[in-house]
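Have a look at start_20.tsv below; it lists TSV, C-alpha atoms and all ligand atoms.
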```tsv
chain	number	residue	atom	x	y	z
A	717	MET	CA	12.26	-69.38	-37.39
A	718	LEU	CA	8.94	-67.70	-38.07
A	719	TRP	CA	7.14	-66.12	-35.17
A	720	LEU	CA	3.77	-64.48	-35.19
A	721	ARG	CA	3.73	-61.03	-33.71
A	722	TYR	CA	0.47	-59.83	-32.24
A	723	VAL	CA	0.08	-56.10	-32.40
A	724	SER	CA	-2.61	-54.54	-30.30
A	725	LEU	CA	-4.20	-51.48	-31.83
A	726	ALA	CA	-5.92	-49.31	-29.20
A	727	GLY	CA	-6.82	-52.53	-27.44
A	728	LEU	CA	-9.47	-53.26	-30.06
A	729	LEU	CA	-7.97	-54.66	-33.21
A	730	HIS	CA	-5.51	-57.49	-33.25
A	731	PHE	CA	-3.62	-58.40	-36.33
A	732	VAL	CA	-0.69	-60.61	-37.00
A	733	LEU	CA	2.66	-59.76	-38.54
A	734	ALA	CA	5.42	-62.15	-39.45
A	735	TYR	CA	8.68	-61.94	-37.52
A	736	THR	CA	11.50	-64.07	-38.86
A	737	THR	CA	14.54	-64.64	-36.67
A	738	LEU	CA	17.94	-64.58	-38.35
A	739	SER	CA	19.71	-67.83	-39.11
A	740	ASP	CA	23.26	-68.38	-37.84
A	741	ASP	CA	24.60	-67.62	-41.33
A	742	ALA	CA	22.73	-64.32	-41.45
A	743	LEU	CA	24.08	-63.37	-38.03
A	744	ARG	CA	27.58	-64.20	-39.27
A	745	SER	CA	27.13	-61.88	-42.23
A	746	LEU	CA	26.67	-58.81	-40.01
A	747	PRO	CA	29.73	-56.59	-40.37
A	748	ASP	CA	31.93	-55.52	-37.48
A	749	ALA	CA	32.43	-51.74	-37.34
A	750	GLY	CA	36.21	-52.13	-37.57
A	751	ASP	CA	37.87	-48.88	-36.54
A	752	ASP	CA	34.82	-46.69	-37.17
A	753	PHE	CA	34.17	-46.26	-33.43
A	754	ASN	CA	37.73	-45.11	-32.72
A	755	ILE	CA	37.34	-42.01	-30.55
A	756	ASP	CA	40.08	-40.00	-32.31
A	757	HIS	CA	39.67	-40.84	-35.99
A	758	GLY	CA	36.78	-43.30	-36.26
A	759	LYS	CA	34.65	-42.39	-39.28
A	760	LEU	CA	31.34	-42.72	-37.43
A	761	LEU	CA	32.00	-41.73	-33.84
A	762	ALA	CA	34.90	-39.25	-33.69
A	763	PRO	CA	33.04	-36.38	-35.42
A	764	ILE	CA	30.24	-36.60	-32.80
A	765	LEU	CA	32.57	-36.43	-29.79
A	766	VAL	CA	32.43	-32.63	-29.58
A	767	PRO	CA	30.23	-30.23	-27.59
A	768	ARG	CA	27.01	-29.85	-29.60
A	769	VAL	CA	24.68	-27.62	-27.66
A	770	PRO	CA	21.62	-26.64	-29.75
A	771	GLY	CA	22.16	-23.55	-31.85
A	772	THR	CA	25.99	-23.71	-31.71
A	773	ALA	CA	28.57	-24.42	-34.42
A	774	GLY	CA	29.26	-27.84	-32.85
A	775	SER	CA	25.63	-28.82	-33.33
A	776	VAL	CA	25.72	-27.78	-37.01
A	777	ALA	CA	28.97	-29.70	-37.58
A	778	VAL	CA	27.46	-32.89	-36.15
A	779	LEU	CA	24.30	-32.45	-38.20
A	780	ASN	CA	26.47	-32.10	-41.31
A	781	HIS	CA	28.28	-35.29	-40.34
A	782	PHE	CA	24.95	-37.16	-40.37
A	783	VAL	CA	24.02	-35.63	-43.72
A	784	ASP	CA	27.42	-36.49	-45.26
A	785	PHE	CA	27.24	-40.05	-43.96
A	786	PHE	CA	23.77	-40.75	-45.34
A	787	ARG	CA	24.45	-38.99	-48.65
A	788	GLN	CA	27.70	-40.83	-49.22
A	789	SER	CA	27.12	-44.23	-47.64
A	790	LEU	CA	23.32	-44.64	-47.68
A	791	PRO	CA	22.06	-42.73	-50.73
A	792	ASP	CA	18.77	-44.66	-50.89
A	793	TRP	CA	17.62	-43.12	-47.62
A	794	THR	CA	15.50	-39.97	-47.81
A	795	ILE	CA	16.85	-37.24	-45.57
A	796	SER	CA	14.73	-34.52	-44.03
A	797	PHE	CA	14.92	-32.07	-41.16
A	798	GLN	CA	12.31	-30.91	-38.74
A	799	ASN	CA	12.92	-27.43	-37.43
A	800	SER	CA	11.50	-25.67	-34.42
A	801	SER	CA	12.59	-22.97	-32.03
A	802	SER	CA	11.95	-22.15	-28.43
A	803	THR	CA	13.24	-19.88	-25.74
A	804	THR	CA	14.99	-21.72	-22.91
A	805	PRO	CA	15.67	-20.78	-19.28
A	806	THR	CA	19.20	-19.69	-20.27
A	807	SER	CA	18.51	-18.02	-23.64
A	808	LYS	CA	17.58	-14.57	-22.24
A	809	GLY	CA	14.36	-14.42	-24.22
A	810	GLU	CA	16.05	-15.30	-27.53
A	811	PRO	CA	14.73	-18.30	-29.49
A	812	VAL	CA	17.08	-21.28	-29.79
A	813	PRO	CA	16.82	-23.34	-33.01
A	814	PHE	CA	16.31	-27.12	-32.75
A	815	VAL	CA	16.89	-29.35	-35.77
A	816	ASN	CA	15.85	-33.00	-35.83
A	817	PHE	CA	17.53	-35.21	-38.42
A	818	VAL	CA	15.29	-37.79	-40.11
A	819	ALA	CA	16.42	-40.49	-42.56
A	820	THR	CA	13.82	-42.87	-43.97
A	821	ARG	CA	13.99	-45.92	-46.20
A	822	ASP	CA	10.69	-47.41	-47.37
A	823	PRO	CA	10.14	-50.14	-49.94
A	824	PRO	CA	10.47	-48.51	-53.39
A	825	TRP	CA	6.83	-49.20	-54.28
A	826	ALA	CA	5.44	-47.81	-51.02
A	827	SER	CA	3.39	-44.63	-51.01
A	828	GLU	CA	3.31	-42.34	-47.99
A	829	GLY	CA	1.23	-43.92	-45.25
A	830	SER	CA	1.23	-47.41	-46.75
A	831	VAL	CA	3.95	-48.96	-44.57
A	832	GLY	CA	4.68	-49.03	-40.87
A	833	ARG	CA	8.22	-48.23	-39.78
A	834	LEU	CA	10.81	-49.29	-37.28
A	835	ALA	CA	12.27	-46.09	-35.79
A	836	LEU	CA	15.82	-46.17	-34.40
A	837	VAL	CA	16.23	-43.10	-32.23
A	838	ALA	CA	18.89	-41.23	-30.23
A	839	HIS	CA	19.50	-37.61	-29.31
A	840	TYR	CA	22.53	-35.82	-30.67
A	841	ASP	CA	22.57	-32.63	-28.60
A	842	SER	CA	24.85	-32.27	-25.59
A	843	LYS	CA	24.30	-30.49	-22.30
A	844	LEU	CA	25.23	-26.85	-21.83
A	845	GLU	CA	26.95	-27.64	-18.54
A	846	PRO	CA	29.47	-28.65	-17.34
A	847	GLU	CA	31.40	-26.56	-19.87
A	848	GLY	CA	33.06	-28.79	-22.45
A	849	PHE	CA	30.63	-31.66	-21.77
A	850	ILE	CA	30.89	-34.27	-24.53
A	851	GLY	CA	28.13	-36.73	-23.66
A	852	ALA	CA	29.87	-39.78	-25.11
A	853	THR	CA	27.26	-42.21	-23.80
A	854	ASP	CA	24.70	-39.38	-23.78
A	855	SER	CA	24.22	-39.86	-26.72
A	856	ALA	CA	27.16	-39.60	-29.16
A	857	ALA	CA	27.83	-43.34	-29.08
A	858	PRO	CA	24.14	-44.30	-29.52
A	859	CYS	CA	24.01	-42.05	-32.64
A	860	ALA	CA	27.06	-43.84	-34.07
A	861	MET	CA	25.59	-47.25	-33.19
A	862	ILE	CA	22.43	-46.42	-35.14
A	863	MET	CA	24.47	-45.23	-38.14
A	864	HIS	CA	26.32	-48.53	-38.15
A	865	ALA	CA	23.11	-50.54	-37.78
A	866	ALA	CA	21.53	-48.70	-40.74
A	867	ARG	CA	24.62	-49.30	-42.85
A	868	SER	CA	24.69	-52.99	-41.85
A	869	ILE	CA	21.27	-53.78	-43.33
A	870	ASP	CA	21.18	-51.38	-46.27
A	871	GLN	CA	22.42	-53.74	-48.98
A	872	ALA	CA	20.11	-56.51	-47.80
A	873	LEU	CA	17.14	-54.13	-48.01
A	874	THR	CA	18.07	-53.30	-51.60
A	875	GLU	CA	18.36	-56.98	-52.53
A	876	LYS	CA	15.20	-58.04	-50.73
A	877	TRP	CA	13.05	-55.30	-52.20
A	878	ALA	CA	14.45	-55.87	-55.71
A	879	ALA	CA	13.52	-59.55	-55.40
A	880	VAL	CA	10.02	-58.70	-54.15
A	881	GLN	CA	9.52	-56.32	-57.08
A	882	ALA	CA	10.80	-58.89	-59.54
A	883	GLU	CA	8.25	-61.37	-58.24
A	884	GLY	CA	5.47	-58.80	-58.06
A	885	VAL	CA	4.45	-57.13	-54.82
A	886	ASP	CA	1.98	-59.21	-52.88
A	887	ASP	CA	0.60	-58.09	-49.54
A	888	LEU	CA	1.83	-54.60	-48.64
A	889	ASP	CA	1.18	-55.24	-44.95
A	890	GLU	CA	4.03	-57.72	-44.93
A	891	HIS	CA	6.61	-55.04	-45.67
A	892	HIS	CA	8.02	-52.33	-43.46
A	893	GLY	CA	10.06	-49.18	-43.72
A	894	ILE	CA	12.82	-48.07	-41.41
A	895	GLN	CA	13.61	-44.66	-40.03
A	896	VAL	CA	16.53	-43.09	-38.18
A	897	LEU	CA	15.65	-40.18	-35.89
A	898	LEU	CA	18.57	-38.21	-34.46
A	899	LEU	CA	16.90	-35.69	-32.21
A	900	ASP	CA	17.97	-32.29	-30.96
A	901	GLY	CA	17.36	-30.58	-27.61
A	902	GLU	CA	16.80	-33.58	-25.36
A	903	GLU	CA	18.82	-32.11	-22.52
A	904	ALA	CA	17.63	-29.46	-20.09
A	905	PHE	CA	19.47	-26.14	-20.29
A	906	LEU	CA	19.00	-25.49	-16.58
A	907	THR	CA	16.98	-28.12	-14.70
A	908	TRP	CA	14.96	-30.99	-16.15
A	909	THR	CA	11.27	-30.01	-16.27
A	910	ASP	CA	8.46	-30.69	-18.76
A	911	GLU	CA	9.24	-27.31	-20.40
A	912	ASP	CA	13.03	-27.43	-20.13
A	913	SER	CA	13.80	-30.77	-21.87
A	914	LEU	CA	12.84	-32.81	-24.95
A	915	TYR	CA	12.60	-29.71	-27.18
A	916	GLY	CA	13.18	-31.62	-30.43
A	917	ALA	CA	11.11	-34.68	-29.54
A	918	ARG	CA	8.14	-32.59	-28.41
A	919	ALA	CA	8.16	-30.55	-31.62
A	920	LEU	CA	8.49	-33.64	-33.83
A	921	ALA	CA	5.77	-35.69	-32.12
A	922	GLU	CA	3.37	-32.75	-32.26
A	923	GLU	CA	4.06	-32.02	-35.93
A	924	TRP	CA	3.91	-35.65	-37.00
A	925	GLU	CA	0.64	-36.21	-35.22
A	926	THR	CA	-1.03	-33.41	-37.15
A	927	MET	CA	0.57	-34.11	-40.56
A	928	HIS	CA	-1.99	-36.32	-42.23
A	929	ASN	CA	-1.32	-38.82	-45.00
A	930	SER	CA	-3.88	-39.17	-47.79
A	931	ALA	CA	-7.38	-40.27	-46.80
A	932	MET	CA	-7.03	-43.83	-48.09
A	933	SER	CA	-3.68	-44.52	-46.43
A	934	THR	CA	-3.29	-47.35	-43.93
A	935	TYR	CA	-1.30	-45.15	-41.54
A	936	ARG	CA	-2.98	-41.83	-40.85
A	937	SER	CA	0.13	-39.77	-40.07
A	938	PRO	CA	3.92	-40.10	-39.86
A	939	LEU	CA	3.49	-40.55	-36.11
A	940	ARG	CA	1.04	-43.43	-36.57
A	941	SER	CA	3.44	-44.97	-39.10
A	942	ILE	CA	5.88	-45.77	-36.30
A	943	ASP	CA	5.30	-49.42	-35.38
A	944	LEU	CA	8.05	-49.41	-32.78
A	945	PHE	CA	10.16	-46.52	-31.41
A	946	VAL	CA	13.51	-47.93	-30.28
A	947	LEU	CA	15.30	-45.31	-28.18
A	948	LEU	CA	19.00	-45.76	-27.42
A	949	ASP	CA	20.44	-43.67	-24.58
A	950	LEU	CA	23.32	-43.78	-22.10
A	951	LEU	CA	25.00	-46.69	-23.89
A	952	GLY	CA	28.70	-47.27	-24.47
A	953	ALA	CA	30.11	-47.76	-20.97
A	954	ALA	CA	31.47	-51.18	-19.98
A	955	ASP	CA	29.23	-53.85	-18.44
A	956	PRO	CA	25.84	-52.26	-19.09
A	957	THR	CA	22.48	-53.53	-17.94
A	958	VAL	CA	19.36	-52.56	-19.85
A	959	PRO	CA	16.16	-53.74	-18.15
A	960	SER	CA	12.89	-54.35	-19.94
A	961	TYR	CA	10.88	-51.22	-19.14
A	962	PHE	CA	7.50	-51.76	-20.78
A	963	LYS	CA	5.20	-54.77	-20.62
A	964	THR	CA	3.62	-53.94	-23.98
A	965	THR	CA	6.95	-54.21	-25.81
A	966	HIS	CA	8.50	-56.95	-23.73
A	967	TRP	CA	8.09	-59.29	-26.70
A	968	ALA	CA	10.43	-57.00	-28.70
A	969	TYR	CA	12.89	-56.86	-25.78
A	970	GLN	CA	12.84	-60.66	-25.75
A	971	HIS	CA	13.78	-60.76	-29.44
A	972	LEU	CA	16.62	-58.33	-28.80
A	973	ALA	CA	17.84	-60.35	-25.82
A	974	ASP	CA	17.64	-63.52	-27.93
A	975	VAL	CA	19.74	-61.90	-30.61
A	976	GLU	CA	22.35	-60.91	-28.03
A	977	GLN	CA	22.44	-64.43	-26.63
A	978	ARG	CA	22.78	-65.98	-30.09
A	979	LEU	CA	25.50	-63.57	-31.20
A	980	ARG	CA	27.40	-64.39	-27.99
A	981	SER	CA	27.08	-68.13	-28.41
A	982	LEU	CA	28.33	-67.85	-32.01
A	983	ASP	CA	31.30	-65.82	-30.72
A	984	LEU	CA	30.28	-62.85	-32.89
A	985	LEU	CA	30.52	-60.18	-30.18
A	986	ARG	CA	33.72	-58.55	-28.94
A	987	THR	CA	32.86	-58.47	-25.24
A	988	SER	CA	32.64	-61.54	-23.07
A	989	THR	CA	30.60	-61.26	-19.94
A	990	ASN	CA	28.80	-63.49	-17.48
A	991	ARG	CA	25.89	-61.10	-17.42
A	992	PRO	CA	24.29	-60.18	-20.74
A	993	PHE	CA	23.57	-56.55	-21.61
A	994	LEU	CA	19.87	-57.51	-21.74
A	995	PRO	CA	19.31	-59.79	-18.74
A	996	GLU	CA	15.51	-59.60	-18.35
A	997	LYS	CA	14.29	-61.94	-21.04
A	998	ASP	CA	12.34	-63.99	-18.53
A	999	LYS	CA	10.90	-61.08	-16.56
A	1000	LYS	CA	7.48	-61.79	-15.10
A	1001	ASP	CA	4.39	-59.57	-15.05
A	1002	HIS	CA	4.49	-59.08	-11.28
A	1003	GLU	CA	8.14	-57.85	-11.27
A	1004	ARG	CA	9.18	-54.16	-11.24
A	1005	TRP	CA	8.64	-52.40	-14.59
A	1006	LEU	CA	10.33	-49.01	-14.63
A	1007	GLY	CA	8.70	-47.72	-17.82
A	1008	GLY	CA	7.31	-44.28	-17.22
A	1009	PHE	CA	9.82	-43.35	-14.51
A	1010	ILE	CA	12.64	-42.23	-16.79
A	1011	GLY	CA	11.92	-39.07	-18.76
A	1012	ASP	CA	13.44	-39.21	-22.22
A	1013	ASP	CA	12.73	-38.57	-25.90
A	1014	HIS	CA	10.14	-41.33	-26.07
A	1015	VAL	CA	7.71	-39.50	-23.78
A	1016	PRO	CA	5.98	-37.20	-26.33
A	1017	PHE	CA	5.58	-40.21	-28.65
A	1018	MET	CA	4.39	-42.55	-25.90
A	1019	GLN	CA	1.83	-39.97	-24.79
A	1020	ARG	CA	0.42	-40.20	-28.32
A	1021	GLY	CA	0.18	-43.99	-28.26
A	1022	VAL	CA	3.44	-45.03	-29.95
A	1023	GLU	CA	4.95	-48.33	-28.73
A	1024	ILE	CA	8.36	-47.84	-27.09
A	1025	LEU	CA	11.42	-50.02	-26.61
A	1026	HIS	CA	13.67	-47.97	-24.32
A	1027	LEU	CA	17.29	-49.07	-24.42
A	1028	ILE	CA	18.76	-46.97	-21.63
A	1029	ALA	CA	21.30	-48.43	-19.24
A	1030	TYR	CA	20.14	-48.73	-15.66
A	1031	PRO	CA	21.93	-48.05	-13.44
A	1032	PHE	CA	23.11	-45.06	-15.50
A	1033	PRO	CA	26.83	-44.93	-16.34
A	1034	THR	CA	28.84	-43.54	-13.39
A	1035	THR	CA	29.97	-40.69	-15.65
A	1036	TRP	CA	26.37	-39.57	-16.29
A	1037	HIS	CA	26.12	-35.77	-16.73
A	1038	THR	CA	29.74	-35.27	-15.66
A	1039	ILE	CA	32.73	-34.02	-17.63
A	1040	ASN	CA	33.98	-37.61	-17.57
A	1041	ASP	CA	31.30	-38.76	-20.00
A	1042	ASP	CA	33.89	-38.51	-22.76
A	1043	GLY	CA	35.52	-40.72	-25.39
A	1044	ALA	CA	38.15	-42.01	-23.00
A	1045	HIS	CA	35.48	-43.45	-20.69
A	1046	LEU	CA	33.72	-45.37	-23.44
A	1047	ASN	CA	34.29	-49.06	-23.83
A	1048	ILE	CA	34.65	-49.37	-27.58
A	1049	ASP	CA	34.04	-53.11	-27.68
A	1050	THR	CA	30.76	-52.49	-25.87
A	1051	VAL	CA	29.87	-49.76	-28.39
A	1052	ALA	CA	30.59	-52.15	-31.28
A	1053	ASP	CA	28.55	-54.94	-29.67
A	1054	TRP	CA	25.50	-52.73	-29.12
A	1055	ALA	CA	25.73	-51.64	-32.76
A	1056	LYS	CA	25.75	-55.25	-33.93
A	1057	ILE	CA	22.91	-56.29	-31.60
A	1058	VAL	CA	20.74	-53.41	-32.86
A	1059	ALA	CA	21.66	-54.22	-36.48
A	1060	ALA	CA	20.61	-57.85	-35.98
A	1061	PHE	CA	17.33	-56.81	-34.38
A	1062	ALA	CA	16.60	-54.41	-37.24
A	1063	ALA	CA	17.46	-57.12	-39.79
A	1064	GLU	CA	14.97	-59.48	-38.13
A	1065	TRP	CA	12.33	-56.78	-38.03
A	1066	MET	CA	12.85	-56.05	-41.72
A	1067	ASP	CA	12.67	-59.77	-42.53
A	1068	LEU	CA	16.11	-59.94	-44.12
A	1069	ASP	CA	17.15	-63.48	-43.20
A	1070	GLU	CA	16.96	-64.93	-46.66
A	1071	VAL	CA	19.06	-62.28	-48.40
A	1072	MET	CA	21.58	-61.99	-45.57
A	1073	ALA	CA	22.17	-65.72	-45.24
A	1074	ARG	CA	22.89	-65.71	-48.97
A	1075	ASP	CA	25.56	-63.05	-48.45
A	1076	THR	CA	27.79	-64.87	-45.97
A	1077	PRO	CA	31.40	-65.40	-47.05
A	1078	MET	CA	30.58	-69.13	-47.23
A	1079	ALA	CA	27.64	-68.66	-49.53
A	1080	ARG	CA	29.55	-66.22	-51.72
A	1081	ALA	CA	32.69	-68.34	-51.95
A	1082	GLU	CA	33.78	-69.30	-55.42
A	1083	PRO	CA	34.49	-72.98	-55.90
A	1084	LEU	CA	37.99	-73.55	-54.48
A	1085	GLN	CA	40.69	-73.53	-57.08
A	1086	ASN	CA	43.74	-75.67	-56.87
A	1087	HIS	CA	46.78	-73.44	-57.45
A	1088	GLY	CA	49.19	-76.32	-57.60
A	1089	VAL	CA	48.82	-76.97	-53.87
A	1090	GLU	CA	46.89	-79.89	-52.50
A	1091	LEU	CA	43.70	-78.60	-50.87
A	1092	GLY	CA	42.55	-80.37	-47.75
A	1093	VAL	CA	38.93	-80.76	-46.83
A	1094	GLY	CA	38.24	-77.75	-44.64
A	1095	THR	CA	35.36	-77.32	-42.26
A	1096	LYS	CA	32.95	-74.44	-42.83
A	1097	ASP	CA	34.64	-72.38	-40.13
A	1098	GLU	CA	38.09	-72.78	-41.59
A	1099	LEU	CA	37.23	-71.48	-45.03
A	1101	LIG	C1	18.96	-39.16	-20.29
A	1101	LIG	C2	20.16	-38.74	-20.71
A	1101	LIG	N1	18.33	-38.11	-19.80
A	1101	LIG	C3	19.13	-37.06	-19.89
A	1101	LIG	N2	20.26	-37.44	-20.45
A	1101	LIG	C4	17.00	-38.13	-19.28
A	1101	LIG	C5	16.92	-38.02	-17.81
A	1101	LIG	C6	16.89	-36.79	-17.20
A	1101	LIG	C7	16.86	-39.15	-17.04
A	1101	LIG	C8	16.80	-36.69	-15.81
A	1101	LIG	C9	16.79	-39.07	-15.66
A	1101	LIG	C10	16.76	-37.84	-15.05
A	1102	ZN	ZN	21.87	-36.37	-20.54
```
Once more with this new file: its structure as structure tokens, please.
Ligand code: 1BN
Ligand code: ZN
Amino acid sequence: MLWLRYVSLAGLLHFVLAYTTLSDDALRSLPDAGDDFNIDHGKLLAPILVPRVPGTAGSVAVLNHFVDFFRQSLPDWTISFQNSSSTTPTSKGEPVPFVNFVATRDPPWASEGSVGRLALVAHYDSKLEPEGFIGATDSAAPCAMIMHAARSIDQALTEKWAAVQAEGVDDLDEHHGIQVLLLDGEEAFLTWTDEDSLYGARALAEEWETMHNSAMSTYRSPLRSIDLFVLLDLLGAADPTVPSYFKTTHWAYQHLADVEQRLRSLDLLRTSTNRPFLPEKDKKDHERWLGGFIGDDHVPFMQRGVEILHLIAYPFPTTWHTINDDGAHLNIDTVADWAKIVAAFAAEWMDLDEVMARDTPMARAEPLQNHGVELGVGTKDEL
């Protein structure tokens, strides 16, 4: 179904972008992560479940894991790093390095500043204390969810953009890029303050605000190119609730909640629950909106006018900032379901329905061949 999305620009300009929901067939085509979220040997998650305090060997190993994954599995994404350094309350006057990982995929014809992007964001650093802290929900699992979501839509992006190029590119405004931001230094080293937290996010937002695209570009800077900043945090524990935090992006929350509901009704999620992960689809203006109360990596971007969809469980997981926030306390089915919900949302955002519906097992199926056995007339679901 085609929706019209109204985007408010500084409260002055209103323009309309198409938003196409995924058909049932497209939802069915989304891959399950299989064993990739296994906490001991899962290809995506296991390498992140280590202490990864900024400036330590663990942090470098996890960064290399991201690089290896994108180079091997998603070679059409452009990888870059944004480096900064800062002293911290525990660094005894020595600078600590912070490295943000950025992977971007724009339409092949797009020049810098000509497309807006969906940003999928999580932090990959872990807290200095308690010693040995893993931060499985905070935010190893969210990083792995985003990796899976990117992988889930990659082929469809290739097919869609090839088809668009074959037909001749029409209106550039109709097309979007996508970006994965895995940020460093979210956690405080001592106590959460404006100075002791969000080291990576603050450095990135500041740099991207001042880095200007060419004069004629539609989007003035990499910061302005972010149409929506979707921040995943504290996800992966069983039975989560994520409220809608911001009125200005409630429409996006509603699409995400819709996707969850539809995946559940098609029996495409692993968890079954009476209460959805995203229960506030029908939230009213006069209800309590918590946006602004939870400090997190979105803040330096929000302060610069970027629209935020904050996907942070509230209440926080009971293991929050304790040594028990480890692999064993994750609910892997919940991790897999979040990954699929985010993948579906990203697929809708990137307008991938047509190519994905074409790629379902049903649509791909060769005509049935009779190998000497009588074939009955199967229903679609039996094939
Ligand atoms: C989220 C995960 N945060 C830290 N790890 C941000 C936060 C800090 C939220 C303090 C509430 C209080
Ligand atoms: Zn934390």
Residues within 7 Å of ligand LIG 1101 (chain A) should be enumerated using all atoms listed in the file and returned as a ChimeraX atom specification.
/A:854,902-903,908,949-950,1010-1012
CA of Thr736 (chain A) to CA of Pro995 (chain A): how many Å, to one decimal?
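Answer for the CA of Thr736 (chain A) to CA of Pro995 (chain A) separation: 22.0 Å.
With only C-alpha atoms taken into account, every residue lying no more than 10 Å from the file point (15.4, -58.9, -38.9) is included here: Tyr735, Thr736, Thr737, Leu738, Ser739, Ala742, Leu743, Ile869, His971, Val975, Val1058, Ala1059, Ala1060, Phe1061, Ala1062, Ala1063, Glu1064, Trp1065, Met1066, Asp1067, Leu1068, Asp1069, Glu1070 and Met1072 of chain A.
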Can I get the selection written as a PDB file, keeping the file's coordinate frame, with C-alpha atoms?
```
ATOM      1  CA  TYR A 735       8.680 -61.940 -37.520  1.00  0.00           C
ATOM      2  CA  THR A 736      11.500 -64.070 -38.860  1.00  0.00           C
ATOM      3  CA  THR A 737      14.540 -64.640 -36.670  1.00  0.00           C
ATOM      4  CA  LEU A 738      17.940 -64.580 -38.350  1.00  0.00           C
ATOM      5  CA  SER A 739      19.710 -67.830 -39.110  1.00  0.00           C
ATOM      6  CA  ALA A 742      22.730 -64.320 -41.450  1.00  0.00           C
ATOM      7  CA  LEU A 743      24.080 -63.370 -38.030  1.00  0.00           C
ATOM      8  CA  ILE A 869      21.270 -53.780 -43.330  1.00  0.00           C
ATOM      9  CA  HIS A 971      13.780 -60.760 -29.440  1.00  0.00           C
ATOM     10  CA  VAL A 975      19.740 -61.900 -30.610  1.00  0.00           C
ATOM     11  CA  VAL A1058      20.740 -53.410 -32.860  1.00  0.00           C
ATOM     12  CA  ALA A1059      21.660 -54.220 -36.480  1.00  0.00           C
ATOM     13  CA  ALA A1060      20.610 -57.850 -35.980  1.00  0.00           C
ATOM     14  CA  PHE A1061      17.330 -56.810 -34.380  1.00  0.00           C
ATOM     15  CA  ALA A1062      16.600 -54.410 -37.240  1.00  0.00           C
ATOM     16  CA  ALA A1063      17.460 -57.120 -39.790  1.00  0.00           C
ATOM     17  CA  GLU A1064      14.970 -59.480 -38.130  1.00  0.00           C
ATOM     18  CA  TRP A1065      12.330 -56.780 -38.030  1.00  0.00           C
ATOM     19  CA  MET A1066      12.850 -56.050 -41.720  1.00  0.00           C
ATOM     20  CA  ASP A1067      12.670 -59.770 -42.530  1.00  0.00           C
ATOM     21  CA  LEU A1068      16.110 -59.940 -44.120  1.00  0.00           C
ATOM     22  CA  ASP A1069      17.150 -63.480 -43.200  1.00  0.00           C
ATOM     23  CA  GLU A1070      16.960 -64.930 -46.660  1.00  0.00           C
ATOM     24  CA  MET A1072      21.580 -61.990 -45.570  1.00  0.00           C
TER      25      MET A1072
END
```
Find, counting only C-alpha atoms and all ligand atoms, the residue in A:Gln977, A:Thr853, A:Gln881, A:Thr909 that gets nearest to ligand ZN 1102 (chain A).
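Looking at the shortest contact to ligand ZN 1102 (chain A), the residue is A:Thr853.
Going from CA of Asp974 (chain A) over to CA of Ala1052 (chain A), you cover 17.6 Å.
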Give me, please, the distance in Å between CA of Leu897 (chain A) and CA of Lys999 (chain A), quoted to one decimal.
28.9 Å
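The nearest approach to Asp822 (chain A) among the residues A:His839, A:His891, A:Arg768, A:Lys876, with all atoms listed in the file taken into account, belongs to A:His891.
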Please identify all polymer residues within 10 Å of Asn780 (chain A), counting only C-alpha atoms, omitting same-chain residues fewer than 6 positions from it, and present them as a list in words.
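Here the answer would be Pro763, Gly774, Phe786 and Phe817 of chain A.
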So that I can see what lies close to Leu906 (chain A), please list as a PDB file with C-alpha atoms, in the coordinates of the input the residues with an atom at most 12 Å from it, counting all atoms listed in the file and leaving out residues fewer than 3 positions away in the same chain.
```
ATOM      1  CA  THR A 804      14.990 -21.720 -22.910  1.00  0.00           C
ATOM      2  CA  PRO A 805      15.670 -20.780 -19.280  1.00  0.00           C
ATOM      3  CA  THR A 806      19.200 -19.690 -20.270  1.00  0.00           C
ATOM      4  CA  SER A 807      18.510 -18.020 -23.640  1.00  0.00           C
ATOM      5  CA  LYS A 843      24.300 -30.490 -22.300  1.00  0.00           C
ATOM      6  CA  LEU A 844      25.230 -26.850 -21.830  1.00  0.00           C
ATOM      7  CA  GLU A 845      26.950 -27.640 -18.540  1.00  0.00           C
ATOM      8  CA  PRO A 846      29.470 -28.650 -17.340  1.00  0.00           C
ATOM      9  CA  GLU A 903      18.820 -32.110 -22.520  1.00  0.00           C
ATOM     10  CA  THR A 909      11.270 -30.010 -16.270  1.00  0.00           C
ATOM     11  CA  ASP A 910       8.460 -30.690 -18.760  1.00  0.00           C
ATOM     12  CA  GLU A 911       9.240 -27.310 -20.400  1.00  0.00           C
ATOM     13  CA  ASP A 912      13.030 -27.430 -20.130  1.00  0.00           C
ATOM     14  CA  SER A 913      13.800 -30.770 -21.870  1.00  0.00           C
TER      15      SER A 913
END
```
Would you mind telling me which residue in A:Trp1054, A:Phe785, A:Phe962, A:Phe945 lies nearest to Val837 (chain A) when using all atoms listed in the file?
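Checking each candidate against Val837 (chain A), we get A:Phe945 as the closest.
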Skip Ile942 (chain A) itself and residues of its chain fewer than 4 positions away, then list as a list in words all residues within 8 Å of it, counting all atoms listed in the file.
Gly832, Arg833, Leu834, Ala835, Pro938 and Val1022 of chain A
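Within 7 Å of region 921-925 of chain A there are A:Ala917, A:Arg918, A:Ser937, A:Pro938, A:Leu939, A:Pro1016, A:Phe1017, counting only C-alpha atoms and ignoring same-chain residues fewer than 3 positions away.
Counting all atoms listed in the file, the residue from A:Pro811, A:Pro959, A:Gly884, A:Gly901 that sits nearest to ligand ZN 1102 (chain A) is A:Gly901.
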Looking at only C-alpha atoms and all ligand atoms, which of A:Thr989, A:Ser855, A:Ser802, A:Thr820 is the one that sits closest to ligand ZN 1102 (chain A)?
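Closest candidate: A:Ser855.
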Write out as a list in words the residues lying within 10 Å of Ala954 (chain A), counting only C-alpha atoms and excluding same-chain residues fewer than 6 positions away.
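Surrounding residues, per the criterion: Thr987, Phe993, Pro1033, His1045, Leu1046, Asn1047, Ile1048, Asp1049, Thr1050 and Val1051 of chain A.
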